[in-house]
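A short write-up of the structure that comes next.
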Amino acid sequence: MPGAAARARANIALVKYWGKRDVGLNLPAMSSLSMTLSTLGTTTRVTFDPRLARDELVLDGRPAEEPARARVSCFLDLVRQVSGVRWRASVVSDNSVPTGSGLASSASGFAALALAATRAAGLEAGLPVLASLARRGSGSAPRSLLGGFVALPAGTAPDGSDCVPYQVAPPEHWDLRLVVVLTASGPKVVGSTEGMERTRRTSPYYGAWVKENAQAMQAAVRAIASRNLEMLGRVVEASAFRLHAVAMAADPAVVYWNEATVGVVRRVRSLRDSGLPCWLTMDAGPHVKVLCEAGDADQVARHIGMVPGVLGVILERPGPGAEVLP
Ligand code: PMV
C-alpha cells in the first residue's frame, strides 16, 4: 500500500477555547476563531504496512517514546475504523514548532496526520470527516485544516457532527503579522486537557468564561470583516487574559506564565501606549504571540526581542490550509 504525506501549519486562536463539552469525543465547550500560520507547522508521512507488528512513530528524526507513540496509535485506530484498513502504520513526522511547548504543535500535527493517514488508507475524506478525526487528536487541530482566519463552532450535536471548521476569511484578506515570542524551551507544565478539566471542575469563573464566548466570536468576525486591528486586538487580548484568569482561578491553579511572559506583556502594553499598535495572546504555555500590521512587525519584533528572557521571535502571517504532498 503506498504511503501518503501531508503538511499543515500551526494555528493561533484569536478567540480561545478552554474547556470541553465531551472529553471522550474531545468536543469543545465553546467556539473558537484562529489564524493559520504561514511557516510553523508539521509534515507527516504515513505508510500502512502488513509487516509491522505495531504502529511506529519517528518524530523530528527520532523514534518517539510513550506516550507520544501510543497517542498516535490510538488515533490510527480511528482511521482504521473508518477505512477498514487493518495494517499497522509507520508515521514519520517533522515539526517546525517545538513539540509540546504550547506552540500549537499538536494542532498542525494532528491536522497533517488526519490528512496523511486517510489518504494512505485510500480514503478521500471530506472536511467533516477530517475535522472529526483531527479533533480527536487535539481540540484545536480541525482549525489547521483550513487557511487564513478560521472559526470552529462548539456545536450542540452529541456526536460532534456540527463541530466543523469554516473559513471566515482567506489568508490574502488581511496581511497581518503575528510575532511569535519564545520565552522557554521544553514541554509545558500542565497538558491542555488536564488544565481544561481542572478549570471546568474547580474554577469559580468557568461559567462566566463560557458565557462570554458568543460575544467575543461575533466581535472578532466583525473586526476581521472590516480589517479593524484595534477592534480585533481588544477582543484577542481579552480572550487570552480571560483564559489565563479562569485557569489561574482553578484549584490547584493552572499557571503557564514565566518571568519573560510577564516582561513581554508589560512591553506590549508600553509599546501600545507609545503609539505602536500591537496586541498579545497566549496559549497553554509561556510564549506570547503579538498581533500587528505588516508595516509595524519589524519594529515590534525588535522591541520585544530585547525583553530579558526572550529566546527568539518568529514572524508569521496568515497561511494556507493543510495540503497533501506529492
Ligand atoms: O488543542 P488543545 O485541545 O490542546 O487546546 C489548545 C487550547 C488553546 O491553545 C489554549 C486555545 C485554543 O483555542 O487554541
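As shown in the C-alpha cells, the chain order sets the letters A, B, ...; within each chain, residues go from 1, and ligands are also counted from 1 in the order they appear.
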Counting only C-alpha atoms and all ligand atoms, what are the residues of chain A within 7 Å of ligand 1, and for each of them which pair of atoms is the nearest and at what distance in Å, to one decimal? Sort the table by chain and rising number, as a Markdown table.
```
| residue | atom | partner | partner_atom_place_in_ligand_line | distance |
| --- | --- | --- | --- | --- |
| A:Ile12 | CA | ligand 1 | 14 (O) | 6.0 |
| A:Ala13 | CA | ligand 1 | 14 (O) | 4.7 |
| A:Val15 | CA | ligand 1 | 13 (O) | 6.7 |
| A:Lys16 | CA | ligand 1 | 13 (O) | 3.8 |
| A:Tyr17 | CA | ligand 1 | 13 (O) | 3.9 |
| A:Trp18 | CA | ligand 1 | 7 (C) | 5.7 |
| A:Ser32 | CA | ligand 1 | 13 (O) | 5.7 |
| A:Ala104 | CA | ligand 1 | 9 (O) | 6.5 |
| A:Ser106 | CA | ligand 1 | 1 (O) | 6.4 |
| A:Ala107 | CA | ligand 1 | 1 (O) | 5.8 |
| A:Ser138 | CA | ligand 1 | 1 (O) | 4.4 |
| A:Gly139 | CA | ligand 1 | 3 (O) | 3.5 |
| A:Ser140 | CA | ligand 1 | 1 (O) | 3.7 |
| A:Ala141 | CA | ligand 1 | 1 (O) | 6.0 |
| A:Ser192 | CA | ligand 1 | 4 (O) | 4.8 |
| A:Thr193 | CA | ligand 1 | 3 (O) | 6.1 |
| A:Asp283 | CA | ligand 1 | 10 (C) | 4.0 |
| A:Ala284 | CA | ligand 1 | 10 (C) | 4.6 |
```
Once you have the residues from the selection above, write them out as a PDB file, in the first residue's frame, restricted to C-alpha atoms.
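Listed below is the output, again_33.pdb:
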```pdb
ATOM      1  CA  ILE A  12      -3.103  30.506  16.943  1.00  0.00           C
ATOM      2  CA  ALA A  13      -6.529  31.142  18.438  1.00  0.00           C
ATOM      3  CA  VAL A  15     -10.787  33.773  20.352  1.00  0.00           C
ATOM      4  CA  LYS A  16      -9.759  30.867  22.587  1.00  0.00           C
ATOM      5  CA  TYR A  17     -11.394  27.656  23.597  1.00  0.00           C
ATOM      6  CA  TRP A  18     -10.620  26.297  27.085  1.00  0.00           C
ATOM      7  CA  SER A  32     -13.020  29.473  18.762  1.00  0.00           C
ATOM      8  CA  ALA A 104       0.383  24.568  18.778  1.00  0.00           C
ATOM      9  CA  SER A 106      -0.433  19.261  18.334  1.00  0.00           C
ATOM     10  CA  ALA A 107      -2.803  21.256  16.097  1.00  0.00           C
ATOM     11  CA  SER A 138      -6.261  17.703  19.529  1.00  0.00           C
ATOM     12  CA  GLY A 139      -9.145  20.117  20.081  1.00  0.00           C
ATOM     13  CA  SER A 140      -7.549  22.917  18.071  1.00  0.00           C
ATOM     14  CA  ALA A 141      -6.394  20.684  15.178  1.00  0.00           C
ATOM     15  CA  SER A 192      -4.105  21.342  27.975  1.00  0.00           C
ATOM     16  CA  THR A 193      -6.652  18.531  28.503  1.00  0.00           C
ATOM     17  CA  ASP A 283      -1.916  29.752  24.946  1.00  0.00           C
ATOM     18  CA  ALA A 284      -1.213  26.786  27.219  1.00  0.00           C
TER      19      ALA A 284
END
```
* Any idea what's packed within 7 Å of segment 42-58 of chain A, counting only C-alpha atoms, ignoring anything in its chain fewer than 2 positions away? Could you give it as a PyMOL selection string? -> chain A and resi 1-9+60-64+69+73+87-96+108-109+112-113+116-117+120
* Give me every strand (DSSP E) residue in segment 176-300 of chain A, going by DSSP on the backbone, as an MDAnalysis selection string. => chainID A and resid 176:182 278:281 288:293
Save out the residues we just selected, C-alpha atoms, as a tab-separated table (two decimals), in the first residue's frame.
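Saved result, result.tsv, follows:
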```
chain	number	residue	atom	x	y	z
A	176	LEU	CA	-1.49	40.86	9.42
A	177	ARG	CA	1.60	39.73	11.29
A	178	LEU	CA	1.85	37.58	14.38
A	179	VAL	CA	5.17	37.92	16.17
A	180	VAL	CA	5.69	34.61	17.97
A	181	VAL	CA	7.81	35.28	21.06
A	182	LEU	CA	9.59	32.26	22.55
A	278	CYS	CA	0.05	45.72	18.86
A	279	TRP	CA	-1.97	43.24	20.90
A	280	LEU	CA	-0.96	39.97	22.51
A	281	THR	CA	-2.28	36.48	23.02
A	288	VAL	CA	3.45	35.20	23.77
A	289	LYS	CA	2.18	35.99	20.27
A	290	VAL	CA	1.81	39.61	19.25
A	291	LEU	CA	-0.59	40.76	16.57
A	292	CYS	CA	0.24	43.85	14.47
A	293	GLU	CA	0.12	45.34	10.99
```
* Asked: Looking at A:Phe110, A:Asn258, A:Ser31, A:Pro252, which one is nearest to Ser239 of chain A, with distances taken over only C-alpha atoms?
  -> A:Ser31
* Asked: Neighbours of segment 302-307 of chain A within 9 Å (only C-alpha atoms; same-chain residues fewer than 4 positions away dropped), as a ChimeraX atom specification?
  -> /A:181,260,263-264,267-268,271,297-298,311-313
Using the selection just defined, write its residues with C-alpha atoms as a compact mmCIF listing (two decimals), in the first residue's frame.
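Final output, saved to out-v8.txt:
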```txt
# COMPACT_ATOMS: atom_id res chain seq x y z
CA VAL A 181 7.81 35.28 21.06
CA ALA A 260 9.68 36.57 30.47
CA GLY A 263 8.06 41.10 30.73
CA VAL A 264 6.58 40.72 27.23
CA ARG A 267 6.39 45.66 26.91
CA VAL A 268 3.41 45.16 24.56
CA LEU A 271 4.59 49.89 23.05
CA ALA A 297 6.15 43.96 12.57
CA ASP A 298 9.93 44.55 12.39
CA LEU A 311 14.82 33.40 23.48
CA GLY A 312 13.73 34.33 19.99
CA VAL A 313 10.98 35.76 17.79
```
* Val246 of chain A surroundings by only C-alpha atoms, 7 Å radius, close-in-sequence under 4 positions cut, as a ChimeraX atom specification -> /A:199,203,205-206,242,250
* Asked: What are the DSSP helix (DSSP H, G or I) residues of segment 36-285 of chain A, as number ranges by chain?
  -> A: 68-83, 105-120, 127-137, 141-145, 171-173, 192-202, 206-225, 229-248, 259-273
* Asked: Which residue, A:His287, A:Asn11, A:Pro320, A:Leu25, has the smallest gap to Ser185 of chain A when you use only C-alpha atoms?
  -> A:His287
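The shell of residues at most 9 Å from segment 165-174 of chain A, with only C-alpha atoms counted and near chain neighbours (fewer than 2 positions) removed, consists of Leu33, Met35, Thr36, Leu127, Pro128, Ala131, Pro142, Arg143, Leu145, Leu146, Gly147, Gly148, Phe149, Val150, Ala151, Leu152, Pro153, Asp162, Cys163, Leu176, Val221, Ile224, Ala225, Arg227, Arg317, Pro318, Gly319 and Pro320 of chain A.
With only C-alpha atoms as the atoms that count, the residue of A:Ala253, A:Leu133, A:Ala245, A:Ala216 with the shortest distance to Leu232 of chain A is A:Ala216.
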* To do: Might you pull out every residue within 12 Å of Ala29 of chain A, with only C-alpha atoms counted and same-chain residues fewer than 4 positions away left off, and present them as number ranges by chain?
  => A: 16-23, 25, 139, 152-158, 160, 163, 196-197, 200, 206-207, 209-214
May I have the selected residues written with N, CA, C and O atoms, as a compact mmCIF listing (two decimals), in the first residue's frame?
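Wrote out-v7.txt, looks like this:
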```
# COMPACT_ATOMS: atom_id res chain seq x y z
N LYS A 16 -10.23 32.17 22.09
CA LYS A 16 -9.76 30.87 22.59
C LYS A 16 -10.89 29.93 23.00
O LYS A 16 -11.93 30.38 23.45
N TYR A 17 -10.56 28.64 22.90
CA TYR A 17 -11.39 27.66 23.60
C TYR A 17 -10.60 27.15 24.79
O TYR A 17 -9.38 27.05 24.74
N TRP A 18 -11.27 26.89 25.89
CA TRP A 18 -10.62 26.30 27.09
C TRP A 18 -11.71 25.61 27.88
O TRP A 18 -12.43 26.26 28.64
N GLY A 19 -11.90 24.33 27.66
CA GLY A 19 -12.96 23.57 28.32
C GLY A 19 -13.66 22.70 27.29
O GLY A 19 -13.80 23.11 26.14
N LYS A 20 -14.07 21.50 27.71
CA LYS A 20 -14.68 20.55 26.77
C LYS A 20 -16.12 20.26 27.17
O LYS A 20 -16.43 20.18 28.36
N ARG A 21 -16.96 20.05 26.15
CA ARG A 21 -18.33 19.63 26.47
C ARG A 21 -18.43 18.11 26.46
O ARG A 21 -19.36 17.54 26.98
N ASP A 22 -17.45 17.43 25.85
CA ASP A 22 -17.39 15.97 25.88
C ASP A 22 -15.92 15.57 25.80
O ASP A 22 -15.27 15.77 24.77
N VAL A 23 -15.42 15.02 26.91
CA VAL A 23 -13.99 14.71 26.95
C VAL A 23 -13.67 13.51 26.05
O VAL A 23 -12.66 13.50 25.35
N LEU A 25 -15.13 12.46 23.26
CA LEU A 25 -15.10 12.84 21.83
C LEU A 25 -14.27 14.10 21.60
O LEU A 25 -14.15 14.56 20.47
N GLY A 139 -7.95 19.29 20.24
CA GLY A 139 -9.15 20.12 20.08
C GLY A 139 -8.98 21.25 19.08
O GLY A 139 -9.93 21.66 18.42
N LEU A 152 -14.19 27.63 14.54
CA LEU A 152 -14.61 26.26 14.88
C LEU A 152 -15.77 26.37 15.87
O LEU A 152 -15.57 26.70 17.04
N PRO A 153 -17.02 26.15 15.38
CA PRO A 153 -18.16 26.26 16.29
C PRO A 153 -18.16 25.10 17.30
O PRO A 153 -17.80 23.98 16.95
N ALA A 154 -18.58 25.42 18.52
CA ALA A 154 -18.68 24.35 19.54
C ALA A 154 -19.71 23.32 19.09
O ALA A 154 -19.52 22.12 19.27
N GLY A 155 -20.80 23.79 18.47
CA GLY A 155 -21.88 22.89 18.07
C GLY A 155 -22.63 22.39 19.30
O GLY A 155 -22.24 22.64 20.44
N THR A 156 -23.74 21.69 19.02
CA THR A 156 -24.52 21.12 20.13
C THR A 156 -24.80 19.63 19.92
O THR A 156 -25.24 18.95 20.83
N ALA A 157 -24.54 19.11 18.71
CA ALA A 157 -24.84 17.70 18.42
C ALA A 157 -23.97 16.80 19.30
O ALA A 157 -22.76 17.01 19.39
N PRO A 158 -24.60 15.81 19.96
CA PRO A 158 -23.83 14.94 20.86
C PRO A 158 -22.69 14.21 20.14
O PRO A 158 -21.66 13.91 20.75
N GLY A 160 -20.90 15.48 17.71
CA GLY A 160 -19.89 16.44 17.23
C GLY A 160 -20.02 16.74 15.74
O GLY A 160 -19.14 17.41 15.18
N CYS A 163 -19.51 20.31 14.73
CA CYS A 163 -18.27 20.96 15.16
C CYS A 163 -17.26 20.85 14.01
O CYS A 163 -16.32 20.06 14.06
N MET A 196 -7.71 22.08 31.22
CA MET A 196 -9.11 22.42 30.93
C MET A 196 -10.06 21.73 31.90
O MET A 196 -11.02 22.35 32.39
N GLU A 197 -9.82 20.47 32.16
CA GLU A 197 -10.72 19.72 33.04
C GLU A 197 -10.66 20.26 34.47
O GLU A 197 -11.67 20.40 35.14
N ARG A 200 -12.57 23.50 34.44
CA ARG A 200 -14.02 23.29 34.37
C ARG A 200 -14.57 22.82 35.72
O ARG A 200 -15.62 23.29 36.18
N TYR A 206 -15.61 29.69 35.70
CA TYR A 206 -15.76 28.94 34.44
C TYR A 206 -17.07 29.31 33.71
O TYR A 206 -17.07 29.48 32.50
N GLY A 207 -18.16 29.43 34.46
CA GLY A 207 -19.46 29.74 33.84
C GLY A 207 -19.41 31.06 33.09
O GLY A 207 -19.89 31.18 31.95
N TRP A 209 -16.79 32.54 31.86
CA TRP A 209 -15.89 32.35 30.71
C TRP A 209 -16.65 31.76 29.52
O TRP A 209 -16.53 32.24 28.40
N VAL A 210 -17.45 30.74 29.77
CA VAL A 210 -18.20 30.08 28.69
C VAL A 210 -19.24 31.05 28.11
O VAL A 210 -19.41 31.17 26.90
N LYS A 211 -19.90 31.77 29.02
CA LYS A 211 -20.99 32.66 28.62
C LYS A 211 -20.51 33.79 27.70
O LYS A 211 -21.21 34.22 26.79
N GLU A 212 -19.30 34.23 27.94
CA GLU A 212 -18.78 35.40 27.24
C GLU A 212 -18.36 35.07 25.80
O GLU A 212 -18.17 35.96 24.96
N ASN A 213 -18.24 33.78 25.48
CA ASN A 213 -17.66 33.35 24.21
C ASN A 213 -18.41 33.83 22.96
O ASN A 213 -17.79 34.29 21.99
N ALA A 214 -19.75 33.78 22.99
CA ALA A 214 -20.52 34.11 21.78
C ALA A 214 -20.27 35.55 21.37
O ALA A 214 -20.08 35.85 20.18
```
* **Distance criterion (only C-alpha atoms): nearest to Gly126 of chain A out of A:Ser105, A:Val164, A:Arg71, A:Ala240** => A:Val164
* Structure fact -> If you count only C-alpha atoms, the residue of A:Pro326, A:Gly321, A:Gly122, A:Gly285 closest to Thr39 of chain A turns out to be A:Gly321
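Taking only C-alpha atoms into account, Ala219 of chain A lies nearest to A:Leu14 out of the set A:Leu130, A:Leu14, A:Ala301, A:Val262.
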* So how many Å separate atom CA of Ala114 of chain A and atom CA of Ser83 of chain A, to one decimal? -> 12.1 Å
* To do: Could you check how far atom CA of Thr118 of chain A sits from atom CA of Ser34 of chain A, in Å to one decimal?
  => 24.3 Å
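Between atom CA of Gly233 of chain A and atom CA of Gln218 of chain A there is a distance of 13.7 Å.
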